[in-house]
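A.B. asks: structure-v4.txt is the file, holding compact mmCIF, C-alpha atoms:
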# COMPACT_ATOMS: atom_id res chain seq x y z
CA MET A 730 -47.19 136.62 153.71
CA VAL A 731 -49.69 133.89 154.57
CA ILE A 732 -51.49 132.66 151.43
CA ILE A 733 -55.20 132.50 152.22
CA THR A 734 -56.14 130.12 149.37
CA LYS A 735 -53.42 127.76 148.20
CA VAL A 736 -53.43 126.56 144.59
CA LYS A 737 -51.42 123.52 143.43
CA LYS A 738 -49.58 123.28 140.10
CA GLU A 739 -52.11 120.79 138.77
CA GLU A 740 -54.96 123.14 139.67
CA PHE A 741 -53.25 126.07 137.94
CA GLY A 742 -52.97 123.84 134.88
CA ARG A 743 -56.70 123.09 134.87
CA ILE A 744 -57.59 126.78 135.30
CA LEU A 745 -55.32 127.81 132.40
CA LYS A 746 -56.72 125.05 130.20
CA ASN A 747 -60.28 126.24 130.86
CA TYR A 748 -59.28 129.67 129.57
CA GLY A 749 -57.29 128.40 126.61
CA LEU A 750 -54.13 129.98 127.98
CA GLY A 751 -51.67 127.18 127.32
CA THR A 752 -49.79 124.98 129.77
CA TYR A 753 -48.55 125.95 133.24
CA ARG A 754 -44.90 127.01 133.63
CA ASN A 755 -44.58 128.71 137.05
CA SER A 756 -46.38 131.01 139.48
CA GLU A 757 -45.69 133.66 142.10
CA HIS A 758 -47.88 134.76 145.01
CA VAL A 759 -48.44 138.54 145.07
CA GLU A 760 -47.71 139.45 148.70
CA GLU A 761 -49.06 143.01 148.52
CA ALA A 762 -52.61 141.66 148.15
CA LEU A 763 -53.71 141.36 151.77
CA GLU A 764 -57.48 140.82 151.53
CA ASN A 765 -57.64 138.48 148.53
CA THR A 766 -55.32 135.81 147.12
CA VAL A 767 -53.54 136.88 143.95
CA TYR A 768 -51.07 134.93 141.82
CA LYS A 769 -48.96 135.93 138.85
CA VAL A 770 -48.95 132.85 136.63
CA ARG A 771 -46.77 132.15 133.59
CA SER A 772 -47.98 129.75 130.92
CA SER A 773 -46.80 128.73 127.46
CA LYS A 774 -48.90 131.61 126.10
CA GLY A 775 -47.86 134.43 128.40
CA LEU A 776 -48.25 135.93 131.86
CA TRP A 777 -51.59 136.17 133.67
CA ILE A 778 -53.13 137.30 136.95
CA ILE A 779 -55.32 134.82 138.81
CA LYS A 780 -57.31 136.45 141.60
CA ILE A 781 -59.35 134.59 144.21
CA PHE A 782 -61.81 136.75 146.14
CA GLU A 783 -61.98 135.72 149.78
CA GLU A 784 -65.12 137.58 150.82
CA THR A 785 -66.33 139.83 147.98
CA ALA A 786 -69.84 139.08 146.65
CA ASP A 787 -70.22 138.27 142.95
CA LYS A 788 -72.46 141.30 142.41
CA ASP A 789 -69.68 143.56 143.70
CA ILE A 790 -67.16 141.86 141.40
CA ARG A 791 -69.47 142.41 138.41
CA TYR A 792 -69.73 146.07 139.42
CA GLN A 793 -65.94 146.38 139.35
CA GLN A 794 -65.73 144.62 135.99
CA ARG A 795 -68.36 146.90 134.45
CA ILE A 796 -66.30 149.94 135.47
CA GLU A 797 -63.07 148.47 134.09
CA GLN A 798 -64.74 147.52 130.80
CA TYR A 799 -66.29 150.99 130.45
CA LEU A 800 -62.95 152.70 130.98
CA GLN A 801 -61.23 150.36 128.52
CA GLU A 802 -63.80 151.42 125.93
CA LYS A 803 -62.80 155.03 126.65
CA GLY A 804 -59.13 154.20 126.10
CA LEU A 805 -58.11 154.43 129.74
CA PRO A 806 -55.53 152.05 131.30
CA THR A 807 -57.31 149.33 133.30
CA PRO A 808 -56.73 145.54 133.29
CA ARG A 809 -58.86 143.28 131.05
CA THR A 810 -60.72 140.37 132.66
CA LEU A 811 -60.77 137.27 130.47
CA LYS A 812 -63.64 134.92 129.65
CA ASN A 813 -63.23 131.15 129.98
CA LYS A 814 -64.27 128.64 127.31
CA GLN A 815 -67.84 128.81 128.60
CA GLY A 816 -67.90 132.59 128.08
CA ARG A 817 -67.84 133.47 131.79
CA LYS A 818 -65.65 136.07 133.47
CA ILE A 819 -66.58 134.99 136.99
CA ASN A 820 -65.85 131.40 138.02
CA GLU A 821 -65.97 129.29 141.17
CA TYR A 822 -62.91 127.81 142.86
CA LYS A 823 -63.11 126.03 146.22
CA LYS A 824 -66.48 127.74 146.86
CA LYS A 825 -64.87 131.13 146.24
CA THR A 826 -64.90 133.40 143.21
CA LEU A 827 -61.99 133.37 140.75
CA ILE A 828 -61.13 135.64 137.84
CA VAL A 829 -58.25 135.70 135.34
CA GLN A 830 -56.85 138.99 134.03
CA GLU A 831 -54.21 139.97 131.54
CA CYS A 832 -50.90 140.80 133.22
CA ILE A 833 -49.92 144.32 132.21
CA ASN A 834 -46.23 144.94 131.58
CA GLY A 835 -45.25 147.22 134.44
CA ARG A 836 -44.44 147.37 138.13
CA LYS A 837 -45.53 149.30 141.18
CA PRO A 838 -43.50 152.51 141.60
CA ARG A 839 -41.30 153.31 144.55
CA ARG A 840 -42.05 156.68 146.06
CA LYS A 841 -38.81 158.24 144.82
CA GLU A 842 -39.63 157.12 141.27
CA ILE A 843 -42.67 159.39 141.13
CA THR A 844 -41.15 162.45 139.49
CA GLU A 845 -43.04 165.70 138.98
CA GLU A 846 -43.70 164.61 135.39
CA LEU A 847 -45.14 161.27 136.51
CA ALA A 848 -47.13 162.96 139.29
CA ARG A 849 -48.75 165.19 136.68
CA GLU A 850 -49.51 162.18 134.47
CA ILE A 851 -51.10 160.36 137.42
CA GLY A 852 -53.25 163.44 138.04
CA THR A 853 -54.18 163.69 134.36
CA VAL A 854 -55.18 160.01 134.05
CA THR A 855 -57.10 160.09 137.34
CA GLY A 856 -58.93 163.23 136.25
CA LYS A 857 -59.91 161.57 132.95
CA ILE A 858 -61.11 158.47 134.81
CA ASP A 859 -63.28 160.47 137.19
CA ARG A 860 -64.62 162.64 134.39
CA GLU A 861 -65.64 159.63 132.29
CA LEU A 862 -67.18 157.85 135.28
CA GLN A 863 -69.49 160.83 135.82
CA ALA A 864 -71.47 159.56 132.82
CA LEU A 865 -71.53 155.86 133.81
CA ARG A 866 -74.82 154.52 135.17
CA ILE A 867 -74.88 151.08 136.79
CA GLY A 868 -78.10 149.64 138.20
CA TYR A 869 -76.44 147.92 141.16
CA ARG A 870 -74.12 149.84 143.44
CA PRO A 871 -72.23 148.63 146.51
CA LYS A 872 -73.62 149.59 149.89
CA PRO A 873 -72.83 153.31 150.40
CA LYS A 874 -70.28 154.29 153.02
CA LYS A 875 -72.59 156.91 154.56
CA GLU A 876 -70.23 159.84 154.06
CA HIS A 877 -67.46 158.12 156.00
CA GLN A 878 -65.29 161.24 155.86
CA PHE A 879 -67.57 162.89 158.40
CA ILE A 880 -67.84 159.92 160.78
CA ASP A 881 -65.57 159.48 163.81
CA ARG A 882 -63.83 156.09 163.51
CA ARG A 883 -63.53 155.88 167.31
CA MET A 884 -60.25 154.00 167.23
CA ARG A 885 -59.01 152.24 170.32
CA LYS A 886 -56.89 154.59 172.36
CA LYS A 887 -54.58 151.81 173.56
CA GLU A 888 -53.52 151.22 169.95
CA ILE A 889 -53.45 154.74 168.48
CA GLU A 890 -52.65 157.82 170.51
CA TYR A 891 -54.05 160.20 167.92
CA VAL A 892 -57.72 160.10 168.90
CA LYS A 893 -57.62 163.76 169.91
CA LYS A 894 -56.23 164.64 166.50
CA GLU A 895 -59.22 163.04 164.86
CA GLU A 896 -61.58 164.87 167.18
CA LYS A 897 -59.95 168.17 166.20
CA LEU A 898 -60.09 167.23 162.51
CA MET A 899 -63.79 166.35 162.75
CA SER A 900 -64.41 169.78 164.22
CA GLU A 901 -62.50 171.47 161.37
CA MET A 902 -64.40 169.51 158.73
CA LYS A 903 -67.65 171.10 159.83
CA LYS A 904 -66.48 174.11 157.82
CA ILE A 905 -67.00 172.15 154.58
CA ASN A 906 -70.22 172.85 152.69
CA ARG A 907 -71.19 169.33 151.61
CA LYS A 908 -73.83 170.64 149.21
CA LYS A 909 -71.04 171.96 146.98
CA LEU A 910 -69.21 168.63 146.83
CA ARG A 911 -69.93 166.51 143.76
CA LYS A 912 -70.26 162.74 143.92
CA GLY A 913 -69.58 160.05 141.37
CA ILE A 914 -68.07 156.61 140.89
CA ILE A 915 -64.41 156.65 141.90
CA HIS A 916 -61.61 154.10 142.21
CA ALA A 917 -61.14 155.16 145.87
CA ASP A 918 -57.63 153.70 146.28
CA ILE A 919 -55.30 155.07 143.60
CA THR A 920 -52.09 154.68 145.58
CA ARG A 921 -48.68 153.40 144.52
CA SER A 922 -49.86 149.86 145.29
CA ASN A 923 -52.51 150.16 142.58
CA MET A 924 -50.41 151.81 139.88
CA LEU A 925 -48.21 150.11 137.30
CA ILE A 926 -45.41 152.05 135.63
CA SER A 927 -42.88 151.31 132.90
CA ARG A 928 -40.01 153.56 131.83
CA GLY A 929 -41.31 156.38 133.98
CA LYS A 930 -44.81 156.28 132.46
CA LEU A 931 -48.12 155.21 134.01
CA LYS A 932 -49.23 151.95 132.37
CA ALA A 933 -52.35 151.05 134.35
CA VAL A 934 -54.56 151.68 137.36
CA ILE A 935 -55.38 148.29 138.87
CA ASP A 936 -57.46 146.70 141.65
CA TRP A 937 -60.91 148.29 141.55
CA GLY A 938 -62.04 146.45 144.68
CA ASP A 939 -62.78 149.65 146.60
CA SER A 940 -64.62 151.39 143.74
CA CYS A 941 -67.86 153.01 144.83
CA GLU A 942 -69.91 156.18 144.62
CA ASP A 943 -68.29 158.81 146.82
CA TYR A 944 -67.21 162.42 146.89
CA ILE A 945 -64.90 163.10 143.93
CA ALA A 946 -62.58 164.97 146.30
CA GLN A 947 -61.93 161.65 148.05
CA GLU A 948 -60.20 160.29 144.95
CA MET A 949 -57.51 162.97 145.08
CA ALA A 950 -57.22 162.87 148.86
CA VAL A 951 -56.27 159.18 148.85
CA THR A 952 -53.48 159.61 146.29
CA ILE A 953 -52.03 162.67 148.00
CA ALA A 954 -52.17 161.09 151.46
CA GLN A 955 -50.27 157.97 150.43
CA SER A 956 -48.04 158.99 147.53
CA PHE A 957 -46.74 162.55 147.96
CA ILE A 958 -45.93 162.77 151.67
CA ARG A 959 -42.96 160.90 153.11
CA ARG A 960 -42.04 160.61 156.78
CA GLY A 961 -43.92 163.81 157.53
CA ARG A 962 -42.39 165.75 154.62
CA VAL A 963 -44.99 167.22 152.28
CA ILE A 964 -43.53 167.18 148.74
CA LYS A 965 -45.23 170.34 147.48
CA SER A 966 -43.75 170.27 143.98
CA LYS A 967 -45.19 166.82 143.26
CA ILE A 968 -48.56 167.66 144.82
CA ARG A 969 -48.71 170.82 142.71
CA ALA A 970 -47.92 168.82 139.54
CA TYR A 971 -50.55 166.20 140.41
CA LEU A 972 -53.21 168.83 141.13
CA LYS A 973 -52.46 170.63 137.88
CA GLY A 974 -52.85 167.42 135.87
CA TYR A 975 -56.10 166.45 137.57
CA ASN A 976 -57.67 169.90 137.58
CA LYS A 977 -57.12 170.28 133.85
CA GLU A 978 -59.25 167.19 133.16
CA MET A 979 -61.69 167.49 136.06
CA PRO A 980 -61.84 171.10 137.35
CA MET A 981 -62.57 171.30 141.07
CA ASN A 982 -64.54 174.09 142.74
CA ASP A 983 -63.17 175.96 145.76
CA GLU A 984 -65.11 173.86 148.27
CA GLU A 985 -63.82 170.63 146.73
CA LYS A 986 -60.25 171.92 146.83
CA LYS A 987 -60.68 172.55 150.55
CA ALA A 988 -62.27 169.13 151.06
CA VAL A 989 -59.29 167.35 149.47
CA TYR A 990 -57.05 168.77 152.22
CA TYR A 991 -59.28 167.58 155.06
CA PHE A 992 -60.15 164.26 153.42
CA ALA A 993 -56.42 163.51 152.97
CA LYS A 994 -55.87 163.88 156.69
CA LYS A 995 -58.89 161.69 157.42
CA ARG A 996 -57.54 159.10 155.01
CA MET A 997 -54.28 158.90 156.93
CA ILE A 998 -56.15 158.11 160.13
CA GLY A 999 -58.27 155.53 158.34
CA ALA A 1000 -55.23 153.93 156.72
CA SER A 1001 -53.55 153.64 160.12
CA ALA A 1002 -56.55 151.74 161.47
CA TRP A 1003 -56.55 149.47 158.39
CA PHE A 1004 -52.84 148.67 158.75
CA LEU A 1005 -53.44 147.75 162.39
CA GLU A 1006 -56.24 145.40 161.42
CA GLN A 1007 -54.07 143.75 158.76
CA ALA A 1008 -51.23 143.38 161.28
CA ARG A 1009 -53.56 141.19 163.37
CA ARG A 1010 -54.43 139.03 160.35
CA HIS A 1011 -50.89 138.68 158.96
CA GLU A 1012 -48.50 137.91 161.79
CA ASP A 1013 -45.54 137.49 159.40
CA LYS A 1014 -46.02 141.09 158.21
CA LYS A 1015 -46.91 142.58 161.57
CA GLU A 1016 -43.71 144.58 162.09
CA GLU A 1017 -43.88 146.11 158.61
CA LEU A 1018 -47.58 146.95 158.91
CA LEU A 1019 -47.11 148.61 162.28
CA GLU A 1020 -44.31 150.68 160.73
CA TRP A 1021 -46.75 151.83 158.04
CA THR A 1022 -49.18 152.84 160.78
CA LYS A 1023 -46.48 154.98 162.37
CA GLU A 1024 -45.58 156.56 159.03
CA MET A 1025 -49.20 157.46 158.31
CA MET A 1026 -49.37 159.39 161.55
CA GLU A 1027 -46.08 161.14 160.80
CA ASN A 1028 -47.52 162.14 157.44
CA TYR A 1029 -50.64 163.41 159.17
CA ASP A 1030 -48.49 165.67 161.33
CA GLY A 1031 -46.64 166.86 158.23
CA LEU A 1032 -49.78 167.81 156.32
CA ASN A 1033 -51.26 169.32 159.45
CA LYS A 1034 -48.40 171.84 159.54
CA LEU A 1035 -49.57 173.10 156.15
CA THR A 1036 -52.35 175.61 156.74
CA ILE A 1037 -55.48 175.59 154.60
CA LYS A 1038 -54.37 178.94 153.19
CA GLU A 1039 -51.02 177.47 152.14
CA TRP A 1040 -52.83 174.43 150.72
CA LYS A 1041 -54.99 176.56 148.43
CA LYS A 1042 -51.86 178.17 146.95
CA LEU A 1043 -50.79 174.77 145.57
CA TRP A 1044 -53.70 174.75 143.11
Just give me the structure of the file as structure tokens.

C.D. replies:
Amino acid sequence: MVIITKVKKEEFGRILKNYGLGTYRNSEHVEEALENTVYKVRSSKGLWIIKIFEETADKDIRYQQRIEQYLQEKGLPTPRTLKNKQGRKINEYKKKTLIVQECINGRKPRRKEITEELAREIGTVTGKIDRELQALRIGYRPKPKKEHQFIDRRMRKKEIEYVKKEEKLMSEMKKINRKKLRKGIIHADITRSNMLISRGKLKAVIDWGDSCEDYIAQEMAVTIAQSFIRRGRVIKSKIRAYLKGYNKEMPMNDEEKKAVYYFAKKRMIGASAWFLEQARRHEDKKEELLEWTKEMMENYDGLNKLTIKEWKKLW
């Protein structure tokens, strides 16, 4: 993966010194981070995450940090952002914004590692997060996405042959009564890429870069779309376990349950478009990203075979 912002050993040393984190030992570029530059850095005092934001505004970063801090206070698993010797969490590096976070002991799960037990735990933790965030009030909020679920993405037909599927989906989504859908601050991207597990247990939900105010149903839709469907096969037992865990902490009304189904399908289309965009930016990952685009569409077909009536029986 192309590293957007390169950092030399000497520069890592200066950053660590400014945070009182000991002397530099070694570092590793985190390839999964496509939009920002992220390093895992080992020092004489431990392991740390150094994140360089390529485009995100400081006010959006502060918004993310306020959410993470609030959830930490509630005992929920999110990473802690460190202050430097000057007492600042947000710092400048090469005219970009840099933060340092604790490195949580865990790794991103493979799809087969998400057992029914872990799926339920993911649902439980996510439900607790969304429930607690209902009470959080932040003065500044990122620019709203204007109910993106109900907007046609108008993808280029030469790149994706599923435009008609989206048109059909948009027609079906008119059945949703938006007035019955609650909104709140959500993570908006709780997928396997943003989970850390250890010994079969969820250790943390990371990367709050997409956090925003949105329909609560969107939170569940994202996880289901990208964690519990594989090559077009809908893993009902894991979805059922996840829904049970979430619904216990954050009960959903009938209209929201229906919305999760449609939003999950919309997410798959949106994810396909995002993977295509990233394939243009990261030539060395192009083949892999295009494969993910294909898989998303296979998953769409798989979920589409499940009727809304069958979907409701999973709850």

A.B. asks: So which one's closest to Tyr869 (chain A), A:Lys735, A:Arg809, A:Arg996, A:Lys788? Using only C-alpha atoms, please.

C.D. replies: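 So, comparing all the options, the nearest one is A:Lys788.
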
A.B. asks: Smallest atom-to-atom distance to Gly938 (chain A): which of A:Asp859, A:Asp881, A:Glu978, A:Glu764, using only C-alpha atoms?

C.D. replies: A:Glu764

A.B. asks: Which residues come within 12 Å of Ser940 (chain A), counting all atoms listed in the file, excluding same-chain residues fewer than 3 positions away, as a short mmCIF file (atom, residue, chain, number, x, y, z; two decimals) with C-alpha atoms, in the coordinates of the input?

C.D. replies:
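Generated file (part-v4.cif):
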data_model
loop_
_atom_site.label_atom_id
_atom_site.label_comp_id
_atom_site.auth_asym_id
_atom_site.auth_seq_id
_atom_site.Cartn_x
_atom_site.Cartn_y
_atom_site.Cartn_z
CA ASP A 789 -69.68 143.56 143.70
CA ILE A 790 -67.16 141.86 141.40
CA ARG A 791 -69.47 142.41 138.41
CA TYR A 792 -69.73 146.07 139.42
CA GLN A 793 -65.94 146.38 139.35
CA GLN A 794 -65.73 144.62 135.99
CA ARG A 795 -68.36 146.90 134.45
CA ILE A 796 -66.30 149.94 135.47
CA GLU A 797 -63.07 148.47 134.09
CA ILE A 858 -61.11 158.47 134.81
CA ASP A 859 -63.28 160.47 137.19
CA LEU A 862 -67.18 157.85 135.28
CA ARG A 870 -74.12 149.84 143.44
CA PRO A 871 -72.23 148.63 146.51
CA LYS A 872 -73.62 149.59 149.89
CA PRO A 873 -72.83 153.31 150.40
CA LYS A 874 -70.28 154.29 153.02
CA GLY A 913 -69.58 160.05 141.37
CA ILE A 914 -68.07 156.61 140.89
CA ILE A 915 -64.41 156.65 141.90
CA HIS A 916 -61.61 154.10 142.21
CA ALA A 917 -61.14 155.16 145.87
CA ASP A 918 -57.63 153.70 146.28
CA ILE A 919 -55.30 155.07 143.60
CA VAL A 934 -54.56 151.68 137.36
CA ILE A 935 -55.38 148.29 138.87
CA ASP A 936 -57.46 146.70 141.65
CA TRP A 937 -60.91 148.29 141.55
CA ASP A 943 -68.29 158.81 146.82
CA TYR A 944 -67.21 162.42 146.89
CA ILE A 945 -64.90 163.10 143.93
CA GLN A 947 -61.93 161.65 148.05
CA GLU A 948 -60.20 160.29 144.95
#

A.B. asks: Excluding same-chain residues fewer than 4 positions from Tyr990 (chain A), what lies within 12 Å of it counting all atoms listed in the file, as number ranges by chain?

C.D. replies: A: 878, 898, 901-902, 905, 946-954, 968, 972, 983-986, 994-997, 1029, 1032-1044

A.B. asks: What gap, in Å, lies between CA of Val770 (chain A) and CA of Leu800 (chain A)?

C.D. replies: 24.9 Å

A.B. asks: Take CA of Gly961 (chain A) and CA of Glu1024 (chain A) and report the distance between them in Å, one decimal.

C.D. replies: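 According to the coordinates, CA of Gly961 (chain A) and CA of Glu1024 (chain A) are separated by 7.6 Å.
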
A.B. asks: Restricting the calculation to all atoms listed in the file, which member of A:Asn747, A:Asn834, A:Thr855, A:Thr766 is positioned closest to Asn820 (chain A)?

C.D. replies: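 Among A:Asn747, A:Asn834, A:Thr855, A:Thr766, it is A:Asn747 that comes nearest to Asn820 (chain A).
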
A.B. asks: Can you tell me, as an MDAnalysis selection string, what residues are no more than 10 Å from region 1010-1019 of chain A when counting all atoms listed in the file, ignoring any on the same chain fewer than 3 positions away?

C.D. replies: chainID A and resid 730:732 760 763:764 1001:1007 1022:1025

A.B. asks: Check the smallest atom-to-atom distance from each of A:Asn765, A:Arg836, A:Arg817, A:Pro808 to Glu784 (chain A) using all atoms listed in the file, then report the winner.

C.D. replies: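 When distances to Glu784 (chain A) are compared using all atoms listed in the file, the smallest one comes from A:Asn765.
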
A.B. asks: Have a look at CA of Glu831 (chain A) and CA of Ser772 (chain A) and let me know their distance in Å, one decimal.

C.D. replies: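 Going from CA of Glu831 (chain A) over to CA of Ser772 (chain A), I get 12.0 Å.
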
A.B. asks: Between A:Trp1021, A:Lys875, A:Lys977, A:Thr844, which is the closest to Ile998 (chain A) once you count only C-alpha atoms?

C.D. replies: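 For Ile998 (chain A), the nearest of the candidates is A:Trp1021.
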
A.B. asks: Could you please give me, as an MDAnalysis selection string, the residues of protein, DNA or RNA lying at most 12 Å from (-65.9, 127.8, 146.6) in the coordinate frame of the file, considering all atoms listed in the file?

C.D. replies: chainID A and resid 734 781:784 786:787 820:827

A.B. asks: Would you please work out which residue, of A:Ala988, A:Ile926, A:Ile958, A:Val854, is nearest to Met1026 (chain A) when using all atoms listed in the file?

C.D. replies: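 That would be A:Ile958, the residue with the smallest distance to Met1026 (chain A).
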
A.B. asks: When you look at Gly852 (chain A) with a cut-off of 6 Å (counting only C-alpha atoms), what residues show up, excluding the ones that are within fewer than 3 positions of it in the same chain? I need them as an MDAnalysis selection string.

C.D. replies: chainID A and resid 849 855:856 971 974:975

A.B. asks: Excluding Gly929 (chain A) and residues on its chain fewer than 2 positions from it, collect all residues at most 8 Å away from it, counting all atoms listed in the file, and give them as number ranges by chain.

C.D. replies: A: 842-843, 847, 926-927, 931

A.B. asks: Please write the residues from the selection above to a file, keeping C-alpha atoms, as a PDB file, keeping the file's coordinate frame.

C.D. replies:
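part.pdb, freshly written:
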ATOM      1  CA  GLU A 842     -39.630 157.120 141.270  1.00  0.00           C
ATOM      2  CA  ILE A 843     -42.670 159.390 141.130  1.00  0.00           C
ATOM      3  CA  LEU A 847     -45.140 161.270 136.510  1.00  0.00           C
ATOM      4  CA  ILE A 926     -45.410 152.050 135.630  1.00  0.00           C
ATOM      5  CA  SER A 927     -42.880 151.310 132.900  1.00  0.00           C
ATOM      6  CA  LEU A 931     -48.120 155.210 134.010  1.00  0.00           C
TER       7      LEU A 931
END

A.B. asks: My structure is short of atoms at region 965-989 of chain A; please model N, CA and C atoms there, returning them as a tab-separated table (two decimals), in the frame of the given file.

C.D. replies:
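After the write, part.tsv holds the following:
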chain	number	residue	atom	x	y	z
A	965	LYS	N	-44.33	169.38	148.11
A	965	LYS	CA	-45.23	170.34	147.48
A	965	LYS	C	-45.14	170.34	145.96
A	966	SER	N	-43.91	170.21	145.43
A	966	SER	CA	-43.75	170.27	143.98
A	966	SER	C	-44.50	169.15	143.28
A	967	LYS	N	-44.50	167.96	143.87
A	967	LYS	CA	-45.19	166.82	143.26
A	967	LYS	C	-46.71	166.94	143.44
A	968	ILE	N	-47.13	167.44	144.60
A	968	ILE	CA	-48.56	167.66	144.82
A	968	ILE	C	-49.08	168.69	143.83
A	969	ARG	N	-48.31	169.76	143.64
A	969	ARG	CA	-48.71	170.82	142.71
A	969	ARG	C	-48.84	170.27	141.28
A	970	ALA	N	-47.89	169.42	140.88
A	970	ALA	CA	-47.92	168.82	139.54
A	970	ALA	C	-49.14	167.90	139.40
A	971	TYR	N	-49.40	167.11	140.43
A	971	TYR	CA	-50.55	166.20	140.41
A	971	TYR	C	-51.86	166.98	140.31
A	972	LEU	N	-52.00	168.01	141.14
A	972	LEU	CA	-53.21	168.83	141.13
A	972	LEU	C	-53.43	169.50	139.78
A	973	LYS	N	-52.35	169.96	139.18
A	973	LYS	CA	-52.46	170.63	137.88
A	973	LYS	C	-52.96	169.66	136.82
A	974	GLY	N	-52.42	168.43	136.84
A	974	GLY	CA	-52.85	167.42	135.87
A	974	GLY	C	-54.31	167.05	136.05
A	975	TYR	N	-54.72	166.85	137.29
A	975	TYR	CA	-56.10	166.45	137.57
A	975	TYR	C	-57.08	167.58	137.25
A	976	ASN	N	-56.75	168.77	137.71
A	976	ASN	CA	-57.67	169.90	137.58
A	976	ASN	C	-57.91	170.29	136.13
A	977	LYS	N	-56.94	169.98	135.27
A	977	LYS	CA	-57.12	170.28	133.85
A	977	LYS	C	-58.21	169.39	133.24
A	978	GLU	N	-58.27	168.14	133.70
A	978	GLU	CA	-59.25	167.19	133.16
A	978	GLU	C	-60.57	167.23	133.92
A	979	MET	N	-60.49	167.52	135.21
A	979	MET	CA	-61.69	167.49	136.06
A	979	MET	C	-61.62	168.69	137.01
A	980	PRO	N	-61.96	169.89	136.53
A	980	PRO	CA	-61.84	171.10	137.35
A	980	PRO	C	-62.63	171.00	138.66
A	981	MET	N	-61.96	171.37	139.74
A	981	MET	CA	-62.57	171.30	141.07
A	981	MET	C	-62.98	172.70	141.52
A	982	ASN	N	-64.12	172.79	142.20
A	982	ASN	CA	-64.54	174.09	142.74
A	982	ASN	C	-63.81	174.37	144.05
A	983	ASP	N	-63.93	175.56	144.56
A	983	ASP	CA	-63.17	175.96	145.76
A	983	ASP	C	-63.49	175.09	146.97
A	984	GLU	N	-64.74	174.69	147.12
A	984	GLU	CA	-65.11	173.86	148.27
A	984	GLU	C	-64.51	172.47	148.15
A	985	GLU	N	-64.43	171.95	146.94
A	985	GLU	CA	-63.82	170.63	146.73
A	985	GLU	C	-62.32	170.68	146.97
A	986	LYS	N	-61.68	171.77	146.58
A	986	LYS	CA	-60.25	171.92	146.83
A	986	LYS	C	-59.97	171.89	148.34
A	987	LYS	N	-60.82	172.54	149.08
A	987	LYS	CA	-60.68	172.55	150.55
A	987	LYS	C	-60.92	171.15	151.12
A	988	ALA	N	-61.93	170.47	150.57
A	988	ALA	CA	-62.27	169.13	151.06
A	988	ALA	C	-61.13	168.14	150.85
A	989	VAL	N	-60.40	168.26	149.74
A	989	VAL	CA	-59.29	167.35	149.47
A	989	VAL	C	-58.28	167.39	150.62
